[in-house]
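S.K.: Next up, target.cif (mmCIF, C-alpha atoms).
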data_entry
loop_
_atom_site.label_atom_id
_atom_site.label_comp_id
_atom_site.auth_asym_id
_atom_site.auth_seq_id
_atom_site.Cartn_x
_atom_site.Cartn_y
_atom_site.Cartn_z
CA MET A 1 10.32 -1.73 -43.48
CA SER A 2 9.75 -2.71 -39.86
CA GLU A 3 6.35 -2.10 -38.31
CA LYS A 4 6.06 0.94 -36.06
CA PRO A 5 5.94 -0.01 -32.37
CA TYR A 6 2.56 0.46 -30.68
CA TYR A 7 4.05 2.83 -28.09
CA LEU A 8 4.89 5.33 -30.84
CA ALA A 9 1.16 6.16 -30.68
CA TYR A 10 2.11 8.66 -27.98
CA GLU A 11 3.58 10.84 -30.72
CA ASN A 12 0.03 11.40 -32.00
CA ARG A 13 -0.98 12.74 -28.59
CA TYR A 14 1.83 15.28 -28.56
CA GLN A 15 0.99 16.42 -32.09
CA LYS A 16 -2.67 16.96 -31.22
CA VAL A 17 -1.84 18.95 -28.09
CA PHE A 18 0.66 21.20 -29.85
CA ALA A 19 -1.62 21.68 -32.86
CA ALA A 20 -4.34 22.90 -30.48
CA GLY A 21 -2.00 25.50 -29.04
CA GLY A 22 -1.07 23.61 -25.89
CA GLU A 23 2.39 24.12 -24.43
CA ARG A 24 2.54 20.67 -22.92
CA TRP A 25 0.62 17.45 -22.43
CA GLY A 26 2.73 15.86 -19.70
CA HIS A 27 4.29 17.06 -16.48
CA SER A 28 5.19 20.68 -15.77
CA PRO A 29 8.50 21.80 -14.21
CA ASP A 30 6.26 23.46 -11.61
CA ASP A 31 4.76 20.14 -10.49
CA GLU A 32 5.45 20.38 -6.74
CA THR A 33 5.21 16.65 -6.07
CA LEU A 34 7.59 15.79 -8.89
CA ALA A 35 10.03 18.56 -7.96
CA ALA A 36 10.07 17.57 -4.29
CA ALA A 37 10.64 13.90 -5.13
CA LEU A 38 13.47 14.66 -7.54
CA GLU A 39 15.15 17.07 -5.14
CA LYS A 40 15.09 14.54 -2.30
CA TRP A 41 16.27 11.76 -4.63
CA SER A 42 19.04 13.91 -6.10
CA VAL A 43 20.32 15.10 -2.74
CA SER A 44 20.21 11.66 -1.11
CA HIS A 45 22.27 10.16 -3.94
CA ARG A 46 24.55 13.20 -4.36
CA LEU A 47 23.69 13.64 -8.03
CA ARG A 48 24.78 17.28 -8.37
CA GLY A 49 27.43 17.30 -11.09
CA GLU A 50 26.62 13.69 -12.03
CA SER A 51 25.13 12.31 -15.24
CA VAL A 52 21.45 11.39 -15.08
CA ILE A 53 19.48 9.80 -17.92
CA GLU A 54 15.70 9.98 -18.20
CA PHE A 55 13.90 7.42 -20.33
CA ALA A 56 10.65 8.53 -22.01
CA CYS A 57 11.50 12.11 -21.08
CA GLY A 58 8.46 13.65 -22.78
CA GLU A 59 8.56 17.43 -22.93
CA GLY A 60 11.48 17.71 -20.53
CA ALA A 61 9.81 18.80 -17.28
CA ALA A 62 11.93 16.49 -15.12
CA GLY A 63 14.97 17.52 -17.14
CA VAL A 64 14.44 21.15 -16.20
CA ILE A 65 14.09 20.22 -12.53
CA LEU A 66 17.18 18.00 -12.51
CA SER A 67 19.21 20.59 -14.42
CA ARG A 68 18.27 23.23 -11.86
CA LEU A 69 19.53 20.81 -9.21
CA GLY A 70 22.91 20.71 -10.93
CA CYS A 71 22.65 17.32 -12.65
CA ILE A 72 24.13 16.66 -16.09
CA TYR A 73 20.93 15.65 -17.81
CA HIS A 74 20.31 13.40 -20.82
CA GLY A 75 16.71 12.79 -21.87
CA VAL A 76 15.60 10.24 -24.47
CA ASP A 77 12.20 9.65 -26.06
CA ILE A 78 10.78 7.92 -29.13
CA ALA A 79 8.35 10.76 -29.95
CA PRO A 80 9.96 13.41 -32.23
CA SER A 81 7.51 16.13 -31.17
CA ALA A 82 8.31 15.55 -27.50
CA VAL A 83 12.05 15.59 -28.17
CA GLU A 84 11.77 18.91 -29.99
CA LYS A 85 9.71 20.40 -27.16
CA ALA A 86 12.15 19.07 -24.52
CA ARG A 87 15.12 20.59 -26.33
CA GLU A 88 13.33 23.92 -26.34
CA ALA A 89 12.56 23.64 -22.62
CA LEU A 90 16.21 22.85 -21.82
CA ARG A 91 17.83 25.44 -24.07
CA ASP A 92 19.05 27.45 -21.08
CA PHE A 93 21.02 24.49 -19.70
CA PRO A 94 24.16 23.96 -21.84
CA SER A 95 25.05 20.62 -20.25
CA ALA A 96 21.61 19.10 -20.92
CA GLN A 97 20.86 17.09 -24.04
CA VAL A 98 17.84 15.29 -25.48
CA THR A 99 18.03 12.44 -27.99
CA LEU A 100 15.50 10.59 -30.13
CA LEU A 101 15.67 6.93 -29.05
CA ASP A 102 13.50 3.82 -28.80
CA MET A 103 14.21 2.71 -25.24
CA VAL A 104 13.02 -0.83 -26.00
CA LYS A 105 15.15 -1.48 -29.07
CA GLN A 106 18.09 0.85 -28.52
CA ALA A 107 20.63 1.34 -25.74
CA PRO A 108 21.54 4.96 -24.96
CA GLY A 109 25.25 4.26 -25.33
CA GLY A 110 26.77 5.58 -22.15
CA ILE A 111 27.12 4.85 -18.47
CA TYR A 112 25.19 7.07 -16.07
CA ALA A 113 25.20 7.78 -12.35
CA ALA A 114 21.39 7.57 -12.13
CA ALA A 115 18.28 6.98 -14.23
CA LEU A 116 14.71 8.24 -14.13
CA ASP A 117 11.49 6.94 -15.63
CA CYS A 118 8.51 9.24 -15.17
CA MET A 119 5.31 7.51 -16.34
CA GLY A 120 7.20 5.75 -19.14
CA PHE A 121 7.56 2.13 -18.06
CA HIS A 122 3.82 1.53 -17.88
CA MET A 123 3.31 2.41 -21.54
CA LEU A 124 5.04 -0.87 -22.43
CA VAL A 125 2.50 -3.70 -22.23
CA ALA A 126 4.26 -6.76 -23.72
CA ASP A 127 6.53 -8.74 -21.39
CA SER A 128 9.34 -8.87 -23.96
CA ASP A 129 9.27 -5.08 -24.41
CA ARG A 130 9.41 -4.47 -20.67
CA GLU A 131 12.26 -6.93 -20.23
CA SER A 132 14.24 -5.39 -23.09
CA TYR A 133 13.77 -1.88 -21.73
CA LEU A 134 14.82 -2.83 -18.21
CA ARG A 135 17.89 -4.59 -19.61
CA ASN A 136 18.88 -1.46 -21.56
CA ALA A 137 18.30 0.71 -18.49
CA TYR A 138 20.28 -1.63 -16.24
CA ASP A 139 23.21 -1.77 -18.66
CA SER A 140 23.35 2.03 -18.87
CA LEU A 141 23.98 2.47 -15.14
CA LYS A 142 27.05 2.38 -12.96
CA SER A 143 27.19 -0.31 -10.32
CA GLY A 144 25.01 0.72 -7.38
CA ALA A 145 23.41 3.59 -9.32
CA PRO A 146 19.81 4.50 -8.40
CA MET A 147 16.83 4.40 -10.70
CA LEU A 148 13.49 6.04 -9.90
CA PHE A 149 10.25 4.92 -11.53
CA PHE A 150 7.88 7.83 -10.83
CA ARG A 151 4.07 7.68 -11.07
CA GLU A 152 3.78 4.31 -12.77
CA VAL A 153 0.21 3.08 -13.17
CA TYR A 154 -0.65 0.79 -10.27
CA ARG A 155 -3.52 -1.47 -9.24
CA ARG A 156 -3.65 -3.74 -6.22
CA ASN A 157 -5.70 -6.23 -8.24
CA ALA A 158 -3.71 -5.90 -11.47
CA TYR A 159 -3.50 -8.81 -13.90
CA GLU A 160 -0.15 -10.55 -13.38
CA GLY A 161 -0.21 -13.22 -16.07
CA ALA A 162 1.91 -13.31 -19.22
CA VAL A 163 1.31 -10.73 -21.97
CA ASP A 164 2.86 -11.36 -25.37
CA SER A 165 1.42 -8.49 -27.41
CA LEU A 166 -0.66 -5.33 -27.38
CA GLU A 167 -3.57 -7.25 -28.92
CA GLN A 168 -3.49 -9.78 -26.09
CA TRP A 169 -3.39 -7.01 -23.48
CA LEU A 170 -6.39 -5.27 -25.05
CA ALA A 171 -8.30 -8.55 -25.01
CA ILE A 172 -7.41 -9.17 -21.36
CA THR A 173 -8.35 -5.70 -20.18
CA LYS A 174 -11.01 -5.01 -22.82
CA ALA A 175 -9.27 -1.66 -23.20
CA ASP A 176 -10.32 0.64 -26.02
CA CYS A 177 -7.46 2.56 -27.58
CA VAL A 178 -9.68 4.24 -30.20
CA THR A 179 -12.41 6.00 -28.22
CA PRO A 180 -11.45 9.68 -27.86
CA GLN A 181 -11.22 11.28 -24.45
CA GLN A 182 -11.38 14.97 -23.64
CA ARG A 183 -8.23 16.43 -22.15
CA PHE A 184 -7.03 19.92 -21.30
CA ALA A 185 -3.49 21.02 -22.12
CA LYS A 186 -1.87 24.07 -20.61
CA SER A 187 -1.17 26.90 -23.02
CA SER A 188 -0.06 30.49 -22.73
CA HIS A 189 -3.67 31.52 -23.36
CA GLY A 190 -5.25 29.32 -20.70
CA ASP A 191 -6.44 25.74 -21.13
CA ALA A 192 -6.58 24.32 -24.64
CA GLU A 193 -9.34 21.72 -25.08
CA VAL A 194 -8.03 18.65 -26.88
CA TRP A 195 -9.59 15.31 -27.77
CA LEU A 196 -7.05 12.51 -27.40
CA PRO A 197 -7.19 8.77 -28.12
CA ASN A 198 -7.29 6.56 -25.06
CA LEU A 199 -4.06 4.54 -25.01
CA PRO A 200 -3.46 1.33 -23.05
CA ALA A 201 -1.06 1.17 -20.12
CA ARG A 202 0.14 -1.90 -18.21
CA ALA A 203 -0.72 -1.71 -14.54
CA LYS A 204 1.07 -3.89 -12.00
CA ASN A 205 0.56 -4.57 -8.34
CA LYS A 206 3.34 -4.12 -5.81
CA ASP A 207 4.63 -7.67 -5.96
CA GLY A 208 4.44 -7.61 -9.75
CA TYR A 209 6.62 -4.52 -10.05
CA ILE A 210 9.12 -5.73 -7.48
CA THR A 211 9.44 -9.17 -9.09
CA GLU A 212 9.90 -7.60 -12.51
CA LEU A 213 12.64 -5.23 -11.37
CA ARG A 214 14.47 -7.87 -9.36
CA SER A 215 14.42 -10.20 -12.37
CA ALA A 216 16.21 -7.47 -14.32
CA GLY A 217 18.91 -7.19 -11.65
CA PHE A 218 17.61 -4.20 -9.70
CA ALA A 219 17.27 -4.06 -5.93
CA VAL A 220 14.07 -2.34 -4.80
CA ASP A 221 14.57 0.13 -1.97
CA ASP A 222 11.10 1.60 -1.57
CA PHE A 223 7.61 1.36 -3.05
CA ILE A 224 5.28 4.30 -2.49
CA GLU A 225 1.60 4.45 -3.37
CA MET A 226 1.02 7.95 -4.70
CA ASP A 227 -1.85 10.21 -3.76
CA LEU A 228 -4.64 10.60 -6.30
CA ASN A 229 -3.35 12.94 -9.01
CA GLU A 230 -4.30 14.33 -12.42
CA GLN A 231 -1.29 12.95 -14.28
CA CYS A 232 -1.78 9.30 -13.32
CA PRO A 233 -4.64 8.93 -10.83
CA TYR A 234 -3.74 5.52 -9.41
CA SER A 235 0.02 5.22 -9.38
CA ALA A 236 3.10 4.21 -7.45
CA SER A 237 6.72 5.31 -7.39
CA ILE A 238 9.46 2.73 -7.07
CA TYR A 239 12.94 3.53 -5.81
CA ALA A 240 15.53 1.01 -6.96
CA HIS A 241 19.23 0.68 -7.66
CA LYS A 242 21.54 -1.46 -9.77
CA SER A 243 22.65 -4.21 -7.44
#
Output the file's structure in the form of structure tokens.

M.R.:
Amino acid sequence: MSEKPYYLAYENRYQKVFAAGGERWGHSPDDETLAAALEKWSVSHRLRGESVIEFACGEGAAGVILSRLGCIYHGVDIAPSAVEKAREALRDFPSAQVTLLDMVKQAPGGIYAAALDCMGFHMLVADSDRESYLRNAYDSLKSGAPMLFFREVYRRNAYEGAVDSLEQWLAITKADCVTPQQRFAKSSHGDAEVWLPNLPARAKNKDGYITELRSAGFAVDDFIEMDLNEQCPYSASIYAHKS
């Protein structure tokens, strides 16, 4: 039996949040910054009525927003609990679908007019995993199709050397993926207090992200440093397209 990928650890986070009575751990469909960005992106690329895939879709917040904008949405995620929650969130949109998929090891099997990654790319720390994911994303898009990487963890002084494994990344950053951290998840009864394990994420600087995407065949159209936020305090959004 193959070893479970390290990024499947996010499934444990979802389970803890839902077990504590939380409705969601990730983004909300009411996130004004996310909604405004997706509306502008959708309108500028004329995505109404077009197929849009979201990698690492989580609980489906972006899917709800894109579906409201008239997109034909397909979300994929490796975490079964997130997929189940996303399907529930999108039940009122008949054209939307959510599929269990490892975006590193599996291709979605389809060609889409656009792709979205909302805080998913940075959870991959090994170079080979990032390259494989970008290749699968690139191959799933029509020629010239846009891809938005939203709120990816960003540091101006980020380490830009090679990373072959999670263990190497933890040694480089001295990250601790075991120490619990207190988090609050939204529930119908207020905030649910949840203790979650601290998981590593791979930060890049601007040149690092741009080089990585260009190496995969993408053209980078814009790079925006995001304001400080609760979801990913120090982050950037990258607007690209399949060149």

S.K.: Convert the output of the PyMOL selection byres ((chain A and resi 69) around 10) on the shown file into explicit residues, formatted as a PDB file with C-alpha atoms, in the coordinates of the input.

M.R.:
ATOM      1  CA  ALA A  35      10.030  18.560  -7.960  1.00  0.00           C
ATOM      2  CA  LEU A  38      13.470  14.660  -7.540  1.00  0.00           C
ATOM      3  CA  GLU A  39      15.150  17.070  -5.140  1.00  0.00           C
ATOM      4  CA  SER A  42      19.040  13.910  -6.100  1.00  0.00           C
ATOM      5  CA  VAL A  43      20.320  15.100  -2.740  1.00  0.00           C
ATOM      6  CA  LEU A  47      23.690  13.640  -8.030  1.00  0.00           C
ATOM      7  CA  ARG A  48      24.780  17.280  -8.370  1.00  0.00           C
ATOM      8  CA  GLY A  49      27.430  17.300 -11.090  1.00  0.00           C
ATOM      9  CA  GLY A  63      14.970  17.520 -17.140  1.00  0.00           C
ATOM     10  CA  VAL A  64      14.440  21.150 -16.200  1.00  0.00           C
ATOM     11  CA  ILE A  65      14.090  20.220 -12.530  1.00  0.00           C
ATOM     12  CA  LEU A  66      17.180  18.000 -12.510  1.00  0.00           C
ATOM     13  CA  SER A  67      19.210  20.590 -14.420  1.00  0.00           C
ATOM     14  CA  ARG A  68      18.270  23.230 -11.860  1.00  0.00           C
ATOM     15  CA  GLY A  70      22.910  20.710 -10.930  1.00  0.00           C
ATOM     16  CA  CYS A  71      22.650  17.320 -12.650  1.00  0.00           C
ATOM     17  CA  ILE A  72      24.130  16.660 -16.090  1.00  0.00           C
TER      18      ILE A  72
END

S.K.: Could you tell me which residues the PyMOL selection byres ((chain A and resi 90) around 10) grabs in this file, written as an MDAnalysis selection string?

M.R.: chainID A and resid 59:61 63:65 67 73 85:89 91:98

S.K.: Pick out the closest residue to Leu199 (chain A) from this set: A:Ile238, A:Leu170, A:Ala37, A:Val52. Count all atoms listed in the file.

M.R.: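 Smallest distance to Leu199 (chain A) is found for A:Leu170.
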
S.K.: Considering all atoms listed in the file, state which residue in the set A:Pro29, A:Val153, A:Ser243, A:Ala79 is at the smallest distance from Asp227 (chain A).

M.R.: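 Among the listed residues, A:Val153 lies closest to Asp227 (chain A).
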
S.K.: My list of candidates is A:Arg46, A:His122, A:Arg151, A:Lys242. Which is closest to Ile224 (chain A) when distances are computed with only C-alpha atoms?

M.R.: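 Going through A:Arg46, A:His122, A:Arg151, A:Lys242 one by one, the smallest distance to Ile224 (chain A) is for A:Arg151.
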
S.K.: Every residue with an atom at most 8 Å from (26.9, 2.4, -10.7) (file coordinates; all atoms listed in the file) is what I'm after, so could you write them as a PyMOL selection string?

M.R.: chain A and resi 112-114+141-146+242

S.K.: Tell me, in Å to one decimal, how far CA of Ala19 (chain A) is from CA of Phe55 (chain A).

M.R.: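 Separation between CA of Ala19 (chain A) and CA of Phe55 (chain A): 24.5 Å.
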
S.K.: Between A:Asn205, A:Ser235, A:Asn157, A:Gln15, single out the one closest to Glu84 (chain A), counting only C-alpha atoms.

M.R.: A:Gln15

S.K.: I'd like to know which of A:Arg202, A:Ser237, A:Lys105, A:Ser28 is closest to Gln168 (chain A), using all atoms listed in the file.

M.R.: A:Arg202

S.K.: Which residues match the PyMOL selection byres ((chain A and resi 220) around 7) in the file above, as a PyMOL selection string?

M.R.: chain A and resi 210+218-219+221-222+239-241

S.K.: CA of Pro108 (chain A) to CA of Val76 (chain A): how many Å, to one decimal?

M.R.: 8.0 Å

S.K.: Measuring atom to atom with all atoms listed in the file, identify which of A:His45, A:Arg130, A:Lys40, A:Arg13 is nearest to Ala82 (chain A).

M.R.: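 Selected residue with least distance to Ala82 (chain A): A:Arg13.
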
S.K.: If we count only C-alpha atoms, what is near Gln106 (chain A) at a cut-off of 10 Å, once residues fewer than 6 positions away on the same chain are taken out, given as a list in words?

M.R.: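 Listing them by chain and then by number gives Ser132, Tyr133 and Asn136 of chain A.
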
S.K.: Within 8 Å of (3.0, 19.1, -19.4) in the file's own coordinates, which protein, DNA or RNA residues have an atom, counting all atoms listed in the file? List them as a list in words.

M.R.: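 Protein, DNA and RNA residues close to (3.0, 19.1, -19.4): Glu23, Arg24, Trp25, Gly26, His27, Ser28, Glu59, Ala61, Ala185 and Lys186 of chain A.
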
S.K.: Quote the spacing between CA of Arg155 (chain A) and CA of Ala56 (chain A) in Å to one decimal place.

M.R.: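 One can read the CA of Arg155 (chain A) to CA of Ala56 (chain A) distance as 21.5 Å.
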